[in-house]
$ cat coords_12.pdb   # PDB, C-alpha atoms
MODEL        1
ATOM      1  CA  MET A   1     152.998  62.976   9.324
ATOM      2  CA  ALA A   2     152.229  64.159  12.875
ATOM      3  CA  ILE A   3     154.776  63.573  15.596
ATOM      4  CA  ASN A   4     153.408  61.540  18.487
ATOM      5  CA  PHE A   5     155.063  63.147  21.509
ATOM      6  CA  THR A   6     153.592  60.551  23.873
ATOM      7  CA  ASP A   7     155.342  57.747  21.998
ATOM      8  CA  ILE A   8     158.592  59.740  21.910
ATOM      9  CA  LEU A   9     158.394  60.402  25.663
ATOM     10  CA  GLY A  10     157.715  56.740  26.394
ATOM     11  CA  SER A  11     160.620  55.605  24.208
ATOM     12  CA  PHE A  12     162.825  58.278  25.775
ATOM     13  CA  LEU A  13     162.081  56.995  29.287
ATOM     14  CA  LEU A  14     162.643  53.391  28.213
ATOM     15  CA  SER A  15     166.029  54.338  26.710
ATOM     16  CA  ILE A  16     167.418  56.265  29.701
ATOM     17  CA  ILE A  17     168.199  53.372  32.045
ATOM     18  CA  PRO A  18     169.968  51.038  29.557
ATOM     19  CA  ILE A  19     172.187  53.902  28.363
ATOM     20  CA  MET A  20     172.859  54.996  31.966
ATOM     21  CA  VAL A  21     173.990  51.471  32.848
ATOM     22  CA  ALA A  22     176.141  51.255  29.702
ATOM     23  CA  ILE A  23     177.875  54.627  30.244
ATOM     24  CA  ASP A  24     178.332  53.914  33.982
ATOM     25  CA  ALA A  25     179.642  57.391  34.905
ATOM     26  CA  PRO A  26     179.960  56.530  38.634
ATOM     27  CA  GLY A  27     182.086  53.531  37.656
ATOM     28  CA  VAL A  28     184.332  55.715  35.478
ATOM     29  CA  LEU A  29     184.639  58.386  38.210
ATOM     30  CA  PRO A  30     187.468  56.625  40.139
ATOM     31  CA  ILE A  31     189.501  56.447  36.926
ATOM     32  CA  TYR A  32     188.804  60.122  36.191
ATOM     33  CA  ILE A  33     189.899  61.099  39.722
ATOM     34  CA  GLY A  34     193.026  58.967  39.493
ATOM     35  CA  MET A  35     194.067  60.376  36.125
ATOM     36  CA  THR A  36     193.388  64.034  36.968
ATOM     37  CA  GLU A  37     194.767  64.069  40.520
ATOM     38  CA  GLY A  38     197.132  66.992  41.017
ATOM     39  CA  MET A  39     195.686  69.040  38.153
ATOM     40  CA  GLU A  40     194.297  72.537  38.447
ATOM     41  CA  ARG A  41     190.521  72.854  38.696
ATOM     42  CA  ASP A  42     190.196  74.462  35.251
ATOM     43  CA  GLU A  43     192.223  71.662  33.662
ATOM     44  CA  ARG A  44     190.025  69.014  35.270
ATOM     45  CA  LYS A  45     186.911  70.826  34.052
ATOM     46  CA  ARG A  46     188.372  70.987  30.533
ATOM     47  CA  ILE A  47     189.067  67.247  30.556
ATOM     48  CA  ALA A  48     185.576  66.508  31.923
ATOM     49  CA  PHE A  49     183.969  68.496  29.103
ATOM     50  CA  GLN A  50     186.336  66.990  26.513
ATOM     51  CA  SER A  51     185.501  63.446  27.613
ATOM     52  CA  VAL A  52     181.726  63.988  27.567
ATOM     53  CA  PHE A  53     181.802  65.841  24.233
ATOM     54  CA  THR A  54     183.974  63.114  22.690
ATOM     55  CA  ALA A  55     181.608  60.436  23.958
ATOM     56  CA  PHE A  56     178.650  62.310  22.464
ATOM     57  CA  LEU A  57     180.290  62.698  19.035
ATOM     58  CA  ILE A  58     181.385  59.078  18.860
ATOM     59  CA  ALA A  59     178.105  57.609  20.120
ATOM     60  CA  THR A  60     176.016  59.828  17.816
ATOM     61  CA  ALA A  61     178.164  59.008  14.791
ATOM     62  CA  PHE A  62     177.956  55.342  15.682
ATOM     63  CA  ILE A  63     174.157  55.505  15.946
ATOM     64  CA  PHE A  64     173.921  56.720  12.343
ATOM     65  CA  LEU A  65     176.909  55.001  10.754
ATOM     66  CA  GLY A  66     177.745  52.013  12.964
ATOM     67  CA  ARG A  67     175.993  49.245  11.094
ATOM     68  CA  ALA A  68     177.075  50.557   7.697
ATOM     69  CA  VAL A  69     180.735  50.833   8.741
ATOM     70  CA  PHE A  70     180.735  47.407  10.391
ATOM     71  CA  ASN A  71     179.110  45.795   7.353
ATOM     72  CA  THR A  72     181.499  47.525   4.944
ATOM     73  CA  LEU A  73     184.601  46.498   6.883
ATOM     74  CA  GLY A  74     183.272  43.093   7.865
ATOM     75  CA  ILE A  75     183.621  43.982  11.569
ATOM     76  CA  GLU A  76     181.421  42.409  14.212
ATOM     77  CA  VAL A  77     180.462  44.106  17.495
ATOM     78  CA  GLU A  78     182.484  41.395  19.240
ATOM     79  CA  ASP A  79     185.621  42.507  17.344
ATOM     80  CA  PHE A  80     184.976  46.057  18.550
ATOM     81  CA  MET A  81     184.675  44.885  22.153
ATOM     82  CA  ILE A  82     187.938  42.937  21.997
ATOM     83  CA  GLY A  83     189.793  45.812  20.294
ATOM     84  CA  GLY A  84     188.531  48.356  22.830
ATOM     85  CA  GLY A  85     189.428  46.011  25.676
ATOM     86  CA  ILE A  86     192.982  45.549  24.417
ATOM     87  CA  LEU A  87     193.402  49.325  24.104
ATOM     88  CA  LEU A  88     192.189  49.847  27.679
ATOM     89  CA  LEU A  89     194.456  47.079  28.962
ATOM     90  CA  ILE A  90     197.515  48.696  27.364
ATOM     91  CA  ILE A  91     196.613  52.090  28.858
ATOM     92  CA  SER A  92     196.071  50.622  32.334
ATOM     93  CA  ILE A  93     199.359  48.690  32.298
ATOM     94  CA  ALA A  94     201.243  51.786  31.144
ATOM     95  CA  ASP A  95     199.576  53.733  33.971
ATOM     96  CA  ILE A  96     200.634  51.219  36.614
ATOM     97  CA  VAL A  97     204.212  50.907  35.340
ATOM     98  CA  ARG A  98     204.931  54.649  35.026
ATOM     99  CA  LEU A  99     202.598  55.986  37.694
ATOM    100  CA  GLU A 100     205.008  58.590  39.049
ATOM    101  CA  ASP A 101     205.795  60.036  35.603
ATOM    102  CA  ARG A 102     202.127  60.495  34.910
ATOM    103  CA  TRP A 103     201.766  63.464  37.253
ATOM    104  CA  ALA A 104     204.437  65.414  35.400
ATOM    105  CA  LYS A 105     203.126  64.647  31.899
ATOM    106  CA  VAL A 106     199.416  64.565  31.303
ATOM    107  CA  PRO A 107     198.554  63.753  27.685
ATOM    108  CA  PRO A 108     196.440  66.460  26.051
ATOM    109  CA  THR A 109     194.148  63.750  24.688
ATOM    110  CA  LEU A 110     193.262  62.339  28.139
ATOM    111  CA  GLY A 111     189.663  63.503  27.772
ATOM    112  CA  VAL A 112     189.425  61.834  24.364
ATOM    113  CA  VAL A 113     191.255  58.556  25.140
ATOM    114  CA  PRO A 114     190.620  56.754  27.413
ATOM    115  CA  LEU A 115     187.902  58.807  29.160
ATOM    116  CA  GLY A 116     185.751  59.821  26.186
ATOM    117  CA  THR A 117     186.337  56.511  24.482
ATOM    118  CA  PRO A 118     186.474  53.624  25.211
ATOM    119  CA  LEU A 119     185.256  54.351  28.778
ATOM    120  CA  LEU A 120     182.178  56.574  28.390
ATOM    121  CA  ALA A 121     181.540  55.721  24.744
ATOM    122  CA  GLY A 122     182.801  52.166  24.870
ATOM    123  CA  PRO A 123     181.548  48.927  23.354
ATOM    124  CA  ALA A 124     178.687  48.698  25.857
ATOM    125  CA  THR A 125     177.424  52.229  25.135
ATOM    126  CA  LEU A 126     177.769  51.936  21.375
ATOM    127  CA  THR A 127     176.145  48.523  21.204
ATOM    128  CA  THR A 128     173.314  49.580  23.527
ATOM    129  CA  THR A 129     172.490  52.751  21.581
ATOM    130  CA  LEU A 130     172.574  50.862  18.289
ATOM    131  CA  MET A 131     170.127  48.263  19.596
ATOM    132  CA  LEU A 132     167.836  50.883  21.176
ATOM    133  CA  VAL A 133     167.620  52.834  17.904
ATOM    134  CA  GLY A 134     166.264  49.706  16.257
ATOM    135  CA  ASN A 135     163.549  49.503  18.925
ATOM    136  CA  TYR A 136     162.660  53.140  19.649
ATOM    137  CA  GLY A 137     164.027  55.306  16.846
ATOM    138  CA  TYR A 138     166.705  57.976  16.635
ATOM    139  CA  LEU A 139     165.221  60.931  18.515
ATOM    140  CA  PRO A 140     164.396  59.251  21.867
ATOM    141  CA  VAL A 141     167.763  57.458  21.967
ATOM    142  CA  ILE A 142     169.785  60.580  21.161
ATOM    143  CA  LEU A 143     167.864  62.575  23.794
ATOM    144  CA  SER A 144     168.529  59.824  26.356
ATOM    145  CA  LEU A 145     172.208  59.810  25.407
ATOM    146  CA  ILE A 146     172.445  63.590  25.853
ATOM    147  CA  LEU A 147     170.771  63.466  29.277
ATOM    148  CA  ASN A 148     173.078  60.696  30.483
ATOM    149  CA  LEU A 149     176.185  62.495  29.276
ATOM    150  CA  ILE A 150     175.065  65.684  31.045
ATOM    151  CA  LEU A 151     174.758  63.611  34.225
ATOM    152  CA  ALA A 152     178.265  62.218  33.625
ATOM    153  CA  TRP A 153     179.607  65.759  33.200
ATOM    154  CA  ILE A 154     177.993  66.825  36.493
ATOM    155  CA  ILE A 155     179.485  63.804  38.290
ATOM    156  CA  PHE A 156     182.978  64.544  36.917
ATOM    157  CA  ASN A 157     182.725  68.215  37.852
ATOM    158  CA  ARG A 158     181.955  67.260  41.460
ATOM    159  CA  ALA A 159     185.071  65.064  41.603
ATOM    160  CA  GLU A 160     187.062  67.843  43.327
ATOM    161  CA  ILE A 161     184.823  67.462  46.391
ATOM    162  CA  ILE A 162     185.879  63.807  46.621
ATOM    163  CA  ILE A 163     189.527  64.770  46.158
ATOM    164  CA  ARG A 164     189.243  67.273  49.031
ATOM    165  CA  LEU A 165     187.725  64.595  51.242
ATOM    166  CA  ILE A 166     190.343  61.891  50.636
ATOM    167  CA  GLY A 167     193.428  64.166  50.327
ATOM    168  CA  ILE A 168     196.467  63.931  48.036
ATOM    169  CA  ASN A 169     197.804  60.633  49.397
ATOM    170  CA  GLY A 170     194.337  59.156  49.258
ATOM    171  CA  ALA A 171     193.995  60.308  45.667
ATOM    172  CA  ARG A 172     197.316  58.696  44.740
ATOM    173  CA  ALA A 173     196.254  55.430  46.354
ATOM    174  CA  PHE A 174     192.945  55.802  44.555
ATOM    175  CA  ALA A 175     194.859  56.206  41.292
ATOM    176  CA  LYS A 176     196.603  52.842  41.725
ATOM    177  CA  ILE A 177     193.297  51.167  42.439
ATOM    178  CA  ALA A 178     191.782  52.963  39.449
ATOM    179  CA  SER A 179     194.491  51.605  37.144
ATOM    180  CA  LEU A 180     193.768  48.088  38.351
ATOM    181  CA  LEU A 181     190.062  48.752  37.900
ATOM    182  CA  LEU A 182     190.733  49.953  34.367
ATOM    183  CA  ALA A 183     192.632  46.734  33.654
ATOM    184  CA  ALA A 184     189.715  44.706  35.017
ATOM    185  CA  ILE A 185     187.261  46.594  32.777
ATOM    186  CA  ALA A 186     189.555  45.911  29.820
ATOM    187  CA  VAL A 187     189.644  42.185  30.575
ATOM    188  CA  LYS A 188     185.837  42.205  30.903
ATOM    189  CA  PHE A 189     185.468  43.741  27.427
ATOM    190  CA  ILE A 190     187.858  41.188  25.938
ATOM    191  CA  ARG A 191     186.138  38.306  27.753
ATOM    192  CA  MET A 192     182.663  39.421  26.645
ATOM    193  CA  GLY A 193     183.823  39.729  23.054
ATOM    194  CA  ILE A 194     185.406  36.272  23.067
ATOM    195  CA  PHE A 195     182.374  34.641  24.723
ATOM    196  CA  LYS A 196     180.041  36.235  22.172
ATOM    197  CA  ILE A 197     182.177  34.911  19.313
ATOM    198  CA  MET A 198     182.290  31.433  20.852
ATOM    199  CA  GLY A 199     178.587  31.490  21.725
TER     200      GLY A 199
ENDMDL
END
$ encode --input "coords_12.pdb" --output "structure tokens"
Amino acid sequence: MAINFTDILGSFLLSIIPIMVAIDAPGVLPIYIGMTEGMERDERKRIAFQSVFTAFLIATAFIFLGRAVFNTLGIEVEDFMIGGGILLLIISIADIVRLEDRWAKVPPTLGVVPLGTPLLAGPATLTTTLMLVGNYGYLPVILSLILNLILAWIIFNRAEIIIRLIGINGARAFAKIASLLLAAIAVKFIRMGIFKIMG
């Protein structure tokens, strides 16, 4: 069977924007800056790569296995949204409460949780990719996912420019705002999950 590259290109272009909106790298950037403030440049780059790579692995696995796993375990997408929201809320509250301790101890899994998941590869990203696969097929959606995650990696790697502009005190203030923003995102996930169940 011949591959129709025109159809693949069209599906690829139609998949880019929804995935870009779902990943929302610019929206995650304040949280990334807040959590990596005070780190060495190489450490920030490592965390940026770790977060993007984690998001890619999780989203790709979910594309192929998501429906099967959910059906086997009897899990709905709404349950996933609420669970991810609760996890984010706990992380954000812990951040706000022990903000000063955070600079001394940075968890080695920061790029995995919460940056890789559930922020980059969160309920919105996973649900969006799963729905797009049903419409456009695997190849265009995976290519769109890869492109968007490369863009996210570029945005994170330019974060040091923002840090230089706002300074250390600005970054610390930014971190407090970022923790509150993280809590708001968590509440949004929980709210969306509950509304979908009720609706």
$ resolve_selection --input "coords_12.pdb" --expression "the PyMOL selection byres ((chain A and resi 144) around 10)" --output "list in words"
Ser11, Phe12, Leu13, Leu14, Ser15, Ile16, Ile17, Pro18, Ile19, Met20, Thr129, Leu139, Pro140, Val141, Ile142, Leu143, Leu145, Ile146, Leu147, Asn148, Leu149 and Ile150 of chain A
$ resolve_selection --input "coords_12.pdb" --expression "the PyMOL selection byres ((chain A and resi 25) around 12)" --output "PyMOL selection string"
chain A and resi 19-24+26-33+48+51-52+55+115-116+119-122+125+148-157+159
$ resolve_selection --input "coords_12.pdb" --expression "the PyMOL selection byres ((chain A and resi 194-196) around 9)" --output "ChimeraX atom specification"
/A:78-79,81-82,189-193,197-199
$ atom_distance --input "coords_12.pdb" --atom1 "CA of Tyr136 (chain A)" --atom2 "CA of Ile63 (chain A)"
12.3 Å
$ closest_residue --input "coords_12.pdb" --among "A:Pro108, A:Pro114, A:Gly34, A:Gly83" --to "Lys188 (chain A)" --atoms "all atoms listed in the file"
A:Gly83
$ closest_residue --input "coords_12.pdb" --among "A:Gly85, A:Pro118, A:Gly167, A:Gly66" --to "Val133 (chain A)" --atoms "only C-alpha atoms"
A:Gly66
$ closest_residue --input "coords_12.pdb" --among "A:Leu126, A:Ile58, A:Ala178, A:Leu73" --to "Ser92 (chain A)" --atoms "only C-alpha atoms"
A:Ala178
$ residues_around --input "coords_12.pdb" --residues "Ala186 (chain A)" --least-positions-apart "4" --cutoff "8 Å" --atoms "all atoms listed in the file" --output "PyMOL selection string"
chain A and resi 84-89+182+190
$ closest_residue --input "coords_12.pdb" --among "A:Val187, A:Ile177, A:Met131, A:Val112" --to "Phe56 (chain A)" --atoms "all atoms listed in the file"
A:Val112
$ atom_distance --input "coords_12.pdb" --atom1 "CA of Thr60 (chain A)" --atom2 "CA of Phe80 (chain A)"
16.4 Å
$ closest_residue --input "coords_12.pdb" --among "A:Val77, A:Ile47, A:Asp7, A:Met35" --to "Thr127 (chain A)" --atoms "only C-alpha atoms"
A:Val77
$ atom_distance --input "coords_12.pdb" --atom1 "CA of Glu76 (chain A)" --atom2 "CA of Gln50 (chain A)"
27.9 Å
$ closest_residue --input "coords_12.pdb" --among "A:Glu160, A:Phe49, A:Phe70, A:Thr117" --to "Thr36 (chain A)" --atoms "only C-alpha atoms"
A:Glu160
